[in-house]
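Undergrad: Sharing target_15.cif, mmCIF, C-alpha atoms:
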```
data_protein
#
loop_
_atom_site.label_atom_id
_atom_site.label_comp_id
_atom_site.auth_asym_id
_atom_site.auth_seq_id
_atom_site.Cartn_x
_atom_site.Cartn_y
_atom_site.Cartn_z
CA MET A 47 0.60 -2.80 -121.39
CA LEU A 48 -0.31 -0.18 -118.78
CA GLU A 49 -1.45 3.17 -120.03
CA HIS A 50 -2.07 6.18 -117.83
CA THR A 51 -3.16 9.69 -118.74
CA ASN A 52 -3.18 12.38 -116.03
CA PRO A 53 -4.26 15.11 -116.79
CA GLY A 54 -3.58 15.02 -120.53
CA THR A 55 -0.12 13.50 -119.91
CA VAL A 56 0.40 10.19 -121.71
CA THR A 57 2.40 7.48 -119.94
CA LYS A 58 2.76 3.98 -121.28
CA LEU A 59 4.54 0.95 -119.86
CA HIS A 60 4.83 -2.17 -122.00
CA LYS A 61 5.93 -5.63 -120.82
CA SER A 62 6.84 -8.83 -122.61
CA GLU A 63 4.68 -11.95 -122.24
CA ASP A 64 6.83 -13.19 -119.38
CA GLY A 65 6.50 -9.88 -117.48
CA CYS A 66 9.85 -8.29 -118.34
CA PHE A 67 10.15 -4.56 -118.98
CA LEU A 68 10.11 -3.64 -122.69
CA TYR A 69 9.55 0.11 -122.84
CA ALA A 70 8.11 3.12 -121.10
CA TYR A 71 6.88 6.20 -122.88
CA VAL A 72 6.11 9.65 -121.48
CA SER A 73 4.65 12.66 -123.25
CA LEU A 74 3.62 15.57 -121.04
CA TYR A 75 0.42 17.48 -121.75
CA ALA A 76 2.31 20.77 -121.81
CA SER A 77 4.53 19.38 -124.58
CA ILE A 78 1.61 17.99 -126.59
CA LYS A 79 -0.17 21.36 -126.56
CA GLY A 80 3.02 23.37 -127.08
CA TRP A 81 3.87 21.31 -130.19
CA GLU A 82 0.75 22.66 -131.89
CA HIS A 83 2.28 26.16 -131.95
CA CYS A 84 5.77 25.26 -133.23
CA ARG A 85 6.96 24.63 -136.76
CA PRO A 86 6.27 20.93 -137.55
CA ILE A 87 9.92 19.84 -137.49
CA MET A 88 10.75 17.07 -135.02
CA VAL A 89 14.35 16.13 -134.12
CA VAL A 90 14.91 12.58 -132.85
CA ASP A 91 17.97 11.05 -131.19
CA GLY A 92 18.87 8.20 -128.87
CA SER A 93 21.48 7.42 -126.19
CA PHE A 94 22.49 4.22 -124.43
CA LEU A 95 21.66 3.84 -120.73
CA LYS A 96 24.48 3.19 -118.27
CA ALA A 97 22.49 1.61 -115.44
CA THR A 98 22.56 -2.05 -114.36
CA TYR A 99 20.41 -3.18 -117.27
CA LYS A 100 20.91 -2.30 -120.91
CA GLY A 101 18.58 -0.01 -122.78
CA THR A 102 18.27 3.16 -124.85
CA ILE A 103 16.52 6.43 -124.16
CA LEU A 104 14.99 8.06 -127.20
CA THR A 105 14.03 11.72 -127.20
CA ALA A 106 11.95 13.78 -129.60
CA CYS A 107 12.08 17.57 -129.50
CA THR A 108 11.47 20.72 -131.52
CA GLN A 109 12.31 24.44 -131.27
CA ASP A 110 10.02 27.26 -130.26
CA ILE A 111 10.13 30.56 -132.15
CA ALA A 112 12.65 31.97 -129.70
CA GLY A 113 15.07 29.20 -130.67
CA LYS A 114 14.67 27.39 -127.32
CA ILE A 115 14.40 23.58 -127.05
CA LEU A 116 10.92 22.16 -126.49
CA PRO A 117 11.17 18.43 -125.54
CA LEU A 118 8.15 16.53 -126.86
CA ALA A 119 8.51 12.97 -125.62
CA TYR A 120 11.09 10.60 -124.26
CA ALA A 121 11.59 6.82 -124.40
CA ILE A 122 9.69 5.25 -127.30
CA ILE A 123 8.31 7.31 -130.18
CA ASN A 124 4.74 6.61 -131.24
CA GLY A 125 1.82 8.46 -132.86
CA THR A 126 0.80 10.63 -129.87
CA PHE A 127 1.41 13.90 -131.68
CA GLY A 128 -0.23 12.90 -134.94
CA VAL A 129 0.88 13.88 -138.41
CA ARG A 130 0.77 17.57 -139.31
CA GLU A 131 0.97 19.20 -142.71
CA TRP A 132 4.57 19.83 -143.90
CA MET A 133 5.92 17.83 -140.96
CA CYS A 134 9.40 16.29 -141.12
CA ILE A 135 11.70 14.35 -138.81
CA VAL A 136 15.42 15.12 -138.45
CA SER A 137 17.97 12.68 -137.02
CA ASP A 138 21.40 11.21 -137.66
CA ARG A 139 21.73 8.24 -140.03
CA SER A 140 20.93 5.65 -137.34
CA GLU A 141 19.03 2.78 -138.99
CA SER A 142 17.14 1.97 -135.78
CA ILE A 143 15.74 5.51 -135.53
CA PHE A 144 14.91 5.56 -139.24
CA ASN A 145 13.09 2.19 -139.11
CA ALA A 146 11.15 3.10 -135.95
CA THR A 147 9.95 6.47 -137.22
CA LYS A 148 9.17 5.01 -140.65
CA ALA A 149 6.89 2.44 -139.03
CA VAL A 150 5.01 5.14 -137.11
CA TYR A 151 5.12 7.97 -139.68
CA PRO A 152 5.37 6.21 -143.07
CA ASP A 153 4.43 9.30 -145.09
CA VAL A 154 6.55 11.86 -143.20
CA PRO A 155 9.91 12.85 -144.79
CA HIS A 156 12.90 11.73 -142.71
CA CYS A 157 15.76 14.22 -143.08
CA ILE A 158 19.41 13.83 -142.13
CA CYS A 159 21.47 16.05 -139.83
CA ILE A 160 24.03 17.67 -142.13
CA PHE A 161 26.74 17.58 -139.44
CA HIS A 162 26.46 13.80 -139.08
CA LEU A 163 26.41 13.45 -142.86
CA TRP A 164 29.56 15.56 -143.09
CA GLN A 165 31.30 13.19 -140.65
CA ASN A 166 30.49 10.34 -143.04
CA VAL A 167 31.76 12.30 -146.05
CA LYS A 168 34.91 13.31 -144.15
CA ARG A 169 35.64 9.71 -143.18
CA THR A 170 34.92 8.29 -146.66
CA PHE A 171 36.83 10.91 -148.64
CA LYS A 172 39.49 11.81 -146.09
CA LYS A 173 42.13 12.70 -148.69
CA HIS A 174 40.31 15.90 -149.73
CA HIS A 175 38.13 16.57 -146.67
CA LYS A 176 39.76 19.91 -145.81
CA GLN A 177 38.96 21.28 -149.27
CA LEU A 178 35.47 19.77 -149.26
CA LYS A 179 34.22 21.04 -145.89
CA ASP A 180 33.14 24.61 -146.72
CA ILE A 181 31.74 23.56 -150.09
CA PHE A 182 29.69 20.74 -148.53
CA PHE A 183 27.98 23.03 -146.00
CA ALA A 184 27.35 25.68 -148.66
CA LEU A 185 25.86 22.93 -150.83
CA ALA A 186 23.56 21.67 -148.05
CA ARG A 187 22.40 25.16 -147.07
CA ALA A 188 21.83 26.49 -150.61
CA TYR A 189 18.30 27.85 -151.05
CA THR A 190 18.06 27.34 -154.82
CA ILE A 191 18.90 24.50 -157.19
CA GLU A 192 20.99 26.98 -159.19
CA LYS A 193 23.25 27.59 -156.17
CA PHE A 194 23.22 23.87 -155.34
CA ASP A 195 24.44 22.97 -158.83
CA TYR A 196 27.16 25.63 -158.64
CA HIS A 197 28.59 24.21 -155.40
CA MET A 198 28.20 20.63 -156.64
CA THR A 199 30.32 21.50 -159.69
CA GLU A 200 32.99 22.92 -157.35
CA MET A 201 32.89 19.73 -155.30
CA CYS A 202 33.25 17.48 -158.35
CA LYS A 203 36.39 19.36 -159.40
CA ILE A 204 38.00 18.38 -156.08
CA ASP A 205 36.70 14.79 -155.84
CA PRO A 206 34.12 13.49 -158.38
CA ARG A 207 33.34 10.47 -156.18
CA VAL A 208 31.40 12.58 -153.66
CA GLN A 209 28.52 13.44 -156.01
CA PRO A 210 27.27 9.84 -156.58
CA TYR A 211 27.72 9.13 -152.87
CA LEU A 212 25.44 12.06 -151.91
CA PHE A 213 23.00 11.29 -154.75
CA GLU A 214 22.51 7.72 -153.47
CA ILE A 215 21.59 9.04 -150.02
CA GLY A 216 18.98 11.32 -151.61
CA TYR A 217 19.38 15.07 -152.09
CA GLU A 218 15.95 15.72 -150.56
CA ARG A 219 17.07 14.20 -147.23
CA TRP A 220 19.91 16.63 -146.50
CA SER A 221 19.72 19.52 -148.98
CA ARG A 222 17.67 22.65 -148.33
CA ALA A 223 17.17 23.31 -152.07
CA TYR A 224 15.72 19.84 -152.77
CA SER A 225 13.81 19.46 -149.50
CA LYS A 226 10.15 18.45 -149.86
CA VAL A 227 9.24 20.40 -146.72
CA LYS A 228 10.11 23.84 -145.36
CA ARG A 229 12.93 22.61 -143.19
CA SER A 230 14.08 26.23 -142.75
CA MET A 231 17.05 26.59 -140.40
CA VAL A 232 16.75 23.19 -138.67
CA MET A 233 19.53 21.50 -140.62
CA THR A 234 21.13 19.59 -137.74
CA SER A 235 20.08 17.47 -134.76
CA ASN A 236 21.86 19.79 -132.31
CA ILE A 237 18.78 20.37 -130.13
CA ALA A 238 18.45 16.63 -129.49
CA GLU A 239 22.18 16.44 -128.73
CA SER A 240 21.62 19.17 -126.13
CA ILE A 241 19.05 17.00 -124.36
CA ASN A 242 21.49 14.08 -124.41
CA ALA A 243 24.08 16.31 -122.74
CA ALA A 244 21.56 17.40 -120.10
CA ASN A 245 20.59 13.83 -119.12
CA LYS A 246 24.10 12.36 -119.42
CA ASP A 247 24.60 11.64 -115.70
CA ALA A 248 20.95 10.65 -115.18
CA ARG A 249 21.32 7.79 -117.67
CA GLU A 250 23.06 5.84 -114.89
CA LEU A 251 19.82 5.82 -112.86
CA PRO A 252 17.20 3.03 -112.84
CA VAL A 253 14.43 3.45 -115.42
CA MET A 254 11.80 4.93 -113.11
CA ARG A 255 14.25 7.43 -111.59
CA LEU A 256 15.44 8.39 -115.07
CA LEU A 257 11.88 9.07 -116.23
CA GLU A 258 11.28 11.11 -113.08
CA TYR A 259 14.46 13.09 -113.74
CA MET A 260 13.31 13.84 -117.30
CA THR A 261 9.95 15.09 -116.06
CA ASN A 262 11.65 17.45 -113.59
CA LEU A 263 14.02 18.65 -116.32
CA LEU A 264 11.11 19.45 -118.64
CA GLN A 265 9.35 21.22 -115.79
CA GLN A 266 12.35 23.54 -115.27
CA TRP A 267 12.73 24.28 -118.98
CA ASN A 268 9.02 24.88 -119.45
CA ASN A 269 8.91 27.38 -116.58
CA LYS A 270 12.06 29.19 -117.74
CA ASN A 271 10.90 29.43 -121.37
CA ARG A 272 7.40 30.59 -120.39
CA LYS A 273 8.90 33.39 -118.28
CA SER A 274 11.20 34.38 -121.16
CA ALA A 275 8.23 34.39 -123.58
CA MET A 276 6.24 36.70 -121.31
CA GLU A 277 9.17 39.13 -121.18
CA THR A 278 9.58 39.25 -124.98
CA SER A 279 9.15 42.84 -126.17
CA THR A 280 9.37 42.25 -129.94
CA GLU A 281 6.64 41.25 -132.38
CA LEU A 282 8.56 38.11 -133.32
CA GLY A 283 10.33 35.49 -131.22
CA GLU A 284 13.99 36.13 -130.37
CA LYS A 285 15.58 33.84 -132.99
CA TYR A 286 13.52 35.08 -135.93
CA ASP A 287 13.48 38.71 -134.83
CA LYS A 288 17.30 38.69 -135.05
CA LEU A 289 17.23 37.33 -138.60
CA PHE A 290 14.40 39.75 -139.45
CA ARG A 291 16.55 42.74 -138.45
CA GLU A 292 19.65 41.40 -140.20
CA ASN A 293 17.68 41.23 -143.46
CA LEU A 294 16.47 44.81 -142.91
CA ILE A 295 20.06 46.10 -142.58
CA ALA A 296 21.20 44.10 -145.63
CA SER A 297 18.46 45.66 -147.79
CA GLU A 298 19.70 49.26 -147.45
CA GLN A 299 21.59 49.61 -150.75
CA MET A 300 19.05 48.00 -153.10
CA THR A 301 17.01 49.53 -155.93
CA VAL A 302 13.34 48.60 -156.36
CA ARG A 303 11.46 48.74 -159.67
CA PRO A 304 7.70 48.00 -159.53
CA ALA A 305 6.36 45.78 -162.32
CA THR A 306 2.80 45.27 -161.03
CA LYS A 307 1.02 45.93 -157.74
CA GLN A 308 2.41 42.67 -156.33
CA SER A 309 5.51 41.98 -158.43
CA TYR A 310 8.82 43.89 -158.17
CA THR A 311 12.35 43.76 -159.53
CA VAL A 312 15.04 44.33 -156.90
CA LEU A 313 18.54 45.20 -158.12
CA GLU A 314 21.38 43.90 -155.95
CA GLY A 315 24.45 45.11 -157.80
CA VAL A 316 24.25 43.44 -161.21
CA ARG A 317 21.90 40.71 -159.99
CA ARG A 318 18.12 40.93 -160.48
CA ASN A 319 15.74 39.45 -157.94
CA ILE A 320 12.01 39.09 -158.57
CA VAL A 321 9.78 39.50 -155.49
CA CYS A 322 6.08 38.62 -155.48
CA LEU A 323 4.37 39.81 -152.29
CA GLU A 324 1.07 38.08 -153.04
CA GLU A 325 2.70 34.65 -153.20
CA GLY A 326 5.44 35.48 -150.67
CA THR A 327 8.25 34.44 -153.01
CA CYS A 328 11.66 35.67 -154.16
CA ASN A 329 13.93 33.95 -156.65
CA CYS A 330 16.69 33.89 -153.99
CA GLY A 331 14.53 31.19 -152.33
CA LYS A 332 14.74 32.56 -148.79
CA PHE A 333 11.38 34.40 -148.65
CA GLN A 334 9.30 31.27 -149.31
CA MET A 335 11.58 28.80 -147.53
CA ASP A 336 12.05 30.72 -144.27
CA GLU A 337 8.56 32.30 -144.42
CA LEU A 338 10.18 35.57 -143.40
CA PRO A 339 10.91 38.65 -145.58
CA CYS A 340 14.36 38.22 -147.13
CA LEU A 341 16.56 41.25 -147.81
CA HIS A 342 14.99 41.71 -151.27
CA ALA A 343 11.44 41.52 -149.88
CA TRP A 344 12.44 44.00 -147.19
CA ALA A 345 13.58 46.46 -149.88
CA VAL A 346 10.14 46.22 -151.50
CA LEU A 347 8.27 46.62 -148.22
CA LYS A 348 10.22 49.78 -147.38
CA ASN A 349 9.76 51.15 -150.90
CA GLN A 350 5.99 50.62 -150.73
CA GLN A 351 5.73 51.59 -147.05
CA LEU A 352 4.06 48.30 -146.12
CA LYS A 353 3.98 46.64 -142.71
CA PRO A 354 6.31 43.61 -142.72
CA GLY A 355 4.50 41.69 -139.97
CA GLN A 356 1.81 40.35 -142.31
CA TYR A 357 4.50 38.67 -144.44
CA CYS A 358 5.96 36.68 -141.52
CA SER A 359 4.79 33.18 -140.66
CA PHE A 360 2.32 33.08 -137.76
CA TYR A 361 4.67 30.54 -136.12
CA TYR A 362 7.13 33.40 -135.45
CA LYS A 363 4.72 35.76 -133.67
CA LYS A 364 4.98 36.50 -129.96
CA ASP A 365 1.35 35.48 -129.37
CA ASN A 366 2.12 32.04 -130.76
CA LEU A 367 5.17 31.77 -128.50
CA LEU A 368 2.99 32.49 -125.46
CA ARG A 369 0.53 29.79 -126.54
CA THR A 370 3.42 27.31 -126.79
CA TYR A 371 3.90 27.58 -123.02
CA GLU A 372 0.27 28.13 -122.11
CA PHE A 373 0.19 24.89 -120.11
CA PRO A 374 2.75 24.38 -117.31
CA VAL A 375 4.34 21.08 -116.29
CA ASN A 376 2.85 20.53 -112.86
CA PRO A 377 5.05 19.08 -110.09
CA MET A 378 4.58 15.43 -109.17
CA PRO A 379 3.40 14.62 -105.63
CA TYR A 380 5.41 12.27 -103.40
CA GLU A 381 4.61 8.58 -103.98
CA SER A 382 2.89 8.13 -100.60
CA LEU A 383 0.53 11.04 -101.39
CA SER A 384 -0.28 9.93 -104.95
CA VAL A 385 -3.55 8.23 -105.86
CA ILE A 386 -2.40 5.10 -107.68
CA LEU A 387 -4.74 2.68 -109.40
CA THR A 388 -4.98 -0.79 -107.85
CA GLU A 389 -4.08 -2.47 -111.14
CA VAL A 390 -0.87 -0.43 -111.20
CA LEU A 391 0.05 -1.27 -107.60
CA GLU A 392 -0.53 -4.98 -108.16
CA ASP A 393 1.33 -5.11 -111.45
CA VAL A 394 4.82 -6.64 -111.26
CA VAL A 395 7.42 -5.56 -113.82
CA LEU A 396 10.57 -7.65 -114.06
CA PRO A 397 13.91 -6.13 -115.11
CA LEU A 398 15.11 -5.95 -118.68
CA LYS A 399 16.63 -9.12 -120.06
CA GLY A 400 20.40 -8.83 -120.30
CA ARG A 401 22.71 -7.01 -117.94
CA ARG A 402 25.39 -4.49 -118.76
CA ASN A 403 28.95 -5.62 -119.36
CA ALA A 404 31.35 -5.94 -116.45
CA GLY A 405 33.37 -2.91 -115.46
CA ARG A 406 32.66 0.78 -115.14
CA PRO A 407 30.16 2.05 -117.75
CA ARG A 408 31.61 4.26 -120.46
CA LYS A 409 30.98 7.99 -119.87
CA GLU A 410 31.83 9.20 -123.37
CA ARG A 411 30.55 7.83 -126.65
CA LEU A 412 32.92 6.02 -128.98
CA LYS A 413 34.04 8.54 -131.57
CA PRO A 414 34.52 7.58 -135.22
CA ALA A 415 38.01 7.87 -136.64
CA SER A 416 37.06 11.14 -138.37
CA GLU A 417 36.38 12.83 -135.01
CA LYS A 418 39.44 11.62 -133.16
CA GLU A 419 42.25 14.08 -132.61
CA SER A 420 45.43 13.13 -134.38
CA LYS A 421 48.42 12.40 -132.17
CA ARG A 422 50.99 15.17 -131.93
CA ALA A 423 53.89 14.57 -134.25
CA PHE A 424 57.29 14.55 -132.56
CA SER A 425 60.80 14.67 -133.96
CA CYS A 426 64.35 14.01 -132.83
CA SER A 427 66.16 17.02 -131.39
CA LEU A 428 69.50 15.76 -132.78
CA CYS A 429 68.81 14.92 -136.41
CA GLY A 430 65.42 16.62 -136.86
CA GLN A 431 63.71 13.52 -138.31
CA SER A 432 60.29 12.36 -137.04
CA GLY A 433 59.36 9.02 -135.50
CA HIS A 434 61.99 8.79 -132.76
CA ASN A 435 63.73 10.83 -130.04
CA ARG A 436 67.34 11.63 -129.21
CA LYS A 437 67.77 8.63 -126.89
CA ILE A 438 67.29 6.10 -129.69
CA CYS A 439 68.60 8.21 -132.55
CA ARG A 440 70.81 6.25 -134.96
CA ASN A 441 71.71 9.34 -136.97
CA ARG A 442 73.78 11.07 -134.28
CA PRO A 443 77.19 12.14 -135.62
CA LYS A 444 80.06 9.83 -134.75
CA ILE A 445 82.91 11.30 -132.68
CA ASN A 446 86.34 10.49 -134.02
CA SER A 447 88.65 9.28 -131.30
#
```
The structure in this file should be written as structure tokens.

TA:
Amino acid sequence: MLEHTNPGTVTKLHKSEDGCFLYAYVSLYASIKGWEHCRPIMVVDGSFLKATYKGTILTACTQDIAGKILPLAYAIINGTFGVREWMCIVSDRSESIFNATKAVYPDVPHCICIFHLWQNVKRTFKKHHKQLKDIFFALARAYTIEKFDYHMTEMCKIDPRVQPYLFEIGYERWSRAYSKVKRSMVMTSNIAESINAANKDARELPVMRLLEYMTNLLQQWNNKNRKSAMETSTELGEKYDKLFRENLIASEQMTVRPATKQSYTVLEGVRRNIVCLEEGTCNCGKFQMDELPCLHAWAVLKNQQLKPGQYCSFYYKKDNLLRTYEFPVNPMPYESLSVILTEVLEDVVLPLKGRRNAGRPRKERLKPASEKESKRAFSCSLCGQSGHNRKICRNRPKINS
């Protein structure tokens, strides 16, 4: 295995015993340092390569506090980033991704993208999927077990088979209410899917050119996001500032009744919500889960004329966003101008074992039956029945001669 770090960037190339390429791994220093200032939620996904030799590119990414994608590593996932408190990994239900991350991060919760899970539910219980859709997403996004149970009861009325199916998967893996970590608003693997869309054409390139393309892509995103961070005029990052202001507007019509210096009852119509500022909690579940004042907490803060900034997670602050992009991704010099170690120059790496199948490589992924568009129904213009047209219609009226 060849391992190269320059400066702070980790690059690994691993070969089999007979010299064939096994994997390459790249994690840029700017990504490693930026990860320290983002919420510890990592989204992982993989895509098949379309070059001469078979293979898969794996990507790991997170979101900064402005809601922008921060790629962390590409190729093979390993322990470069280390385990952080309250860390979790989000992916689809791919067994290969689950097994790989479990081997590297055995104690880190592995959560499921709720969109991919819905596709499984839709395909398994297709008879009632139209009625189940809105209830499923409300169930997954519920902040409290009380709300979760309410939506689960609704779901069981439509199709009681869904509940044991979801229970077997594990509520904590896809439900916000049962989550063992503060998964917040990262309920899908959409940010990883965005990276797959960005490198779609590049996956036809040879391995080294693909890795070079990914480095250039990260360089562009890093520069663009750093510039955007420097131009931020709000106390919080763009994504969380928007939610912050929405909660402020929603708190306008609420009544606050102090119980103690830190505990308050907030009346929302006929519903009572208990807010504890000292612990940063509200029985709606949003204050402690999102680590951002919910509408009930906002009502208390306005009533007591307190500054809301101190009740927001430090991850959401502008200063933290600037630290995320403190280190740039430096451009790579041309090969002839690079200082390359002798052991690297003399090392011979043979191609992957196994070539791609004959024919043009597939551009689009194979969609499951649940995602395929149904064919347009057609009917006969003579008799009005479906399944045939007027040319072969056997129901046309007979003309008496």

Undergrad: Excluding Gln209 of chain A and residues on its chain fewer than 4 positions from it, collect all residues at most 12 Å away from it, counting only C-alpha atoms, and give them as a PyMOL selection string.

TA: chain A and resi 167+171+178+182+185+194-195+197-205+213-217

Undergrad: Since I can't run it myself right now, could you work out what the PyMOL selection byres ((chain A and resi 273) around 12) selects here and report it as a list in words?

TA: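 For this structure, the PyMOL selection byres ((chain A and resi 273) around 12) resolves to Gln266, Trp267, Asn268, Asn269, Lys270, Asn271, Arg272, Ser274, Ala275, Met276, Glu277, Thr278, Leu367, Leu368, Thr370, Tyr371, Glu372 and Pro374 of chain A.
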
Undergrad: What does the distance from atom CA of Asp110 of chain A to atom CA of Ser221 of chain A come to in Å, to one decimal?

TA: 22.5 Å

Undergrad: Smallest atom-to-atom distance to Ala184 of chain A: which of A:Trp220, A:Asn376, A:Tyr151, A:Ala248, using only C-alpha atoms?

TA: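 Of A:Trp220, A:Asn376, A:Tyr151, A:Ala248, the one nearest Ala184 of chain A, counting only C-alpha atoms, is A:Trp220.
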
Undergrad: Name the closest residue to Tyr224 of chain A among the candidates A:Ala112, A:Val375, A:Cys426, A:Ile191; distances are taken between atoms, counting only C-alpha atoms.

TA: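 The shortest atom-to-atom distance to Tyr224 of chain A comes from A:Ile191.
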
Undergrad: Report the residues retrieved by the PyMOL selection byres ((chain A and resi 321-333) around 12) from the displayed file, expressed as an NGL selection string.

TA: :A and (187-194 or 222-224 or 228-231 or 289-290 or 293 or 302-314 or 317-320 or 334-347 or 350 or 352-354 or 356-359)

Undergrad: Dump as a short mmCIF file (atom, residue, chain, number, x, y, z; two decimals) with C-alpha atoms, in the coordinates of the input all residues having an atom at most 7 Å from (11.8, 16.4, -136.6), computed in the file's coordinates with all atoms listed in the file.

TA:
```cif
data_model
loop_
_atom_site.label_atom_id
_atom_site.label_comp_id
_atom_site.auth_asym_id
_atom_site.auth_seq_id
_atom_site.Cartn_x
_atom_site.Cartn_y
_atom_site.Cartn_z
CA ILE A 87 9.92 19.84 -137.49
CA MET A 88 10.75 17.07 -135.02
CA VAL A 89 14.35 16.13 -134.12
CA VAL A 90 14.91 12.58 -132.85
CA THR A 108 11.47 20.72 -131.52
CA CYS A 134 9.40 16.29 -141.12
CA ILE A 135 11.70 14.35 -138.81
CA VAL A 136 15.42 15.12 -138.45
#
```

Undergrad: Rounded to one decimal place, report the atom CA of Lys288 of chain A-atom CA of Asn349 of chain A distance in Å.

TA: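 Atom-to-atom, atom CA of Lys288 of chain A and atom CA of Asn349 of chain A are spaced 21.5 Å apart.
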
Undergrad: How about completing segment 317-323 of chain A with all heavy atoms and giving it to me as a PDB file, in the frame of the given file?

TA:
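And here is the file that came out, out.pdb:
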```
ATOM      1  N   ARG A 317      22.852  41.822-160.069  1.00  0.00           N
ATOM      2  CA  ARG A 317      21.900  40.710-159.990  1.00  0.00           C
ATOM      3  C   ARG A 317      20.477  41.218-159.843  1.00  0.00           C
ATOM      4  O   ARG A 317      20.208  42.154-159.080  1.00  0.00           O
ATOM      5  CB  ARG A 317      22.249  39.800-158.803  1.00  0.00           C
ATOM      6  CG  ARG A 317      21.362  38.571-158.697  1.00  0.00           C
ATOM      7  CD  ARG A 317      21.767  37.695-157.524  1.00  0.00           C
ATOM      8  NE  ARG A 317      20.878  36.569-157.366  1.00  0.00           N
ATOM      9  CZ  ARG A 317      20.983  35.422-158.041  1.00  0.00           C
ATOM     10  NH1 ARG A 317      21.966  35.269-158.901  1.00  0.00           N
ATOM     11  NH2 ARG A 317      20.131  34.437-157.844  1.00  0.00           N
ATOM     12  N   ARG A 318      19.541  40.590-160.569  1.00  0.00           N
ATOM     13  CA  ARG A 318      18.120  40.930-160.480  1.00  0.00           C
ATOM     14  C   ARG A 318      17.378  39.877-159.670  1.00  0.00           C
ATOM     15  O   ARG A 318      17.546  38.678-159.883  1.00  0.00           O
ATOM     16  CB  ARG A 318      17.499  41.005-161.877  1.00  0.00           C
ATOM     17  CG  ARG A 318      18.013  42.149-162.733  1.00  0.00           C
ATOM     18  CD  ARG A 318      17.290  42.165-164.050  1.00  0.00           C
ATOM     19  NE  ARG A 318      17.736  43.248-164.906  1.00  0.00           N
ATOM     20  CZ  ARG A 318      17.226  43.521-166.112  1.00  0.00           C
ATOM     21  NH1 ARG A 318      16.261  42.759-166.585  1.00  0.00           N
ATOM     22  NH2 ARG A 318      17.700  44.515-166.815  1.00  0.00           N
ATOM     23  N   ASN A 319      16.561  40.340-158.755  1.00  0.00           N
ATOM     24  CA  ASN A 319      15.740  39.450-157.940  1.00  0.00           C
ATOM     25  C   ASN A 319      14.285  39.829-158.101  1.00  0.00           C
ATOM     26  O   ASN A 319      13.936  41.020-158.003  1.00  0.00           O
ATOM     27  CB  ASN A 319      16.148  39.541-156.465  1.00  0.00           C
ATOM     28  CG  ASN A 319      17.584  39.102-156.241  1.00  0.00           C
ATOM     29  OD1 ASN A 319      17.870  37.929-156.119  1.00  0.00           O
ATOM     30  ND2 ASN A 319      18.503  40.072-156.216  1.00  0.00           N
ATOM     31  N   ILE A 320      13.438  38.848-158.369  1.00  0.00           N
ATOM     32  CA  ILE A 320      12.010  39.090-158.570  1.00  0.00           C
ATOM     33  C   ILE A 320      11.262  38.726-157.290  1.00  0.00           C
ATOM     34  O   ILE A 320      11.331  37.579-156.828  1.00  0.00           O
ATOM     35  CB  ILE A 320      11.450  38.272-159.747  1.00  0.00           C
ATOM     36  CG1 ILE A 320      12.338  38.458-160.984  1.00  0.00           C
ATOM     37  CG2 ILE A 320      10.016  38.655-160.024  1.00  0.00           C
ATOM     38  CD1 ILE A 320      12.441  39.897-161.448  1.00  0.00           C
ATOM     39  N   VAL A 321      10.553  39.701-156.719  1.00  0.00           N
ATOM     40  CA  VAL A 321       9.780  39.500-155.490  1.00  0.00           C
ATOM     41  C   VAL A 321       8.304  39.593-155.793  1.00  0.00           C
ATOM     42  O   VAL A 321       7.855  40.553-156.432  1.00  0.00           O
ATOM     43  CB  VAL A 321      10.162  40.542-154.419  1.00  0.00           C
ATOM     44  CG1 VAL A 321       9.273  40.392-153.184  1.00  0.00           C
ATOM     45  CG2 VAL A 321      11.627  40.398-154.025  1.00  0.00           C
ATOM     46  N   CYS A 322       7.536  38.594-155.341  1.00  0.00           N
ATOM     47  CA  CYS A 322       6.080  38.620-155.480  1.00  0.00           C
ATOM     48  C   CYS A 322       5.480  38.600-154.072  1.00  0.00           C
ATOM     49  O   CYS A 322       5.556  37.580-153.378  1.00  0.00           O
ATOM     50  CB  CYS A 322       5.574  37.420-156.285  1.00  0.00           C
ATOM     51  SG  CYS A 322       3.767  37.390-156.468  1.00  0.00           S
ATOM     52  N   LEU A 323       4.923  39.713-153.647  1.00  0.00           N
ATOM     53  CA  LEU A 323       4.370  39.810-152.290  1.00  0.00           C
ATOM     54  C   LEU A 323       3.124  38.953-152.124  1.00  0.00           C
ATOM     55  O   LEU A 323       2.901  38.379-151.049  1.00  0.00           O
ATOM     56  CB  LEU A 323       4.045  41.271-151.972  1.00  0.00           C
ATOM     57  CG  LEU A 323       5.236  42.231-151.858  1.00  0.00           C
ATOM     58  CD1 LEU A 323       4.744  43.634-151.534  1.00  0.00           C
ATOM     59  CD2 LEU A 323       6.230  41.763-150.806  1.00  0.00           C
TER      60      LEU A 323
END
```
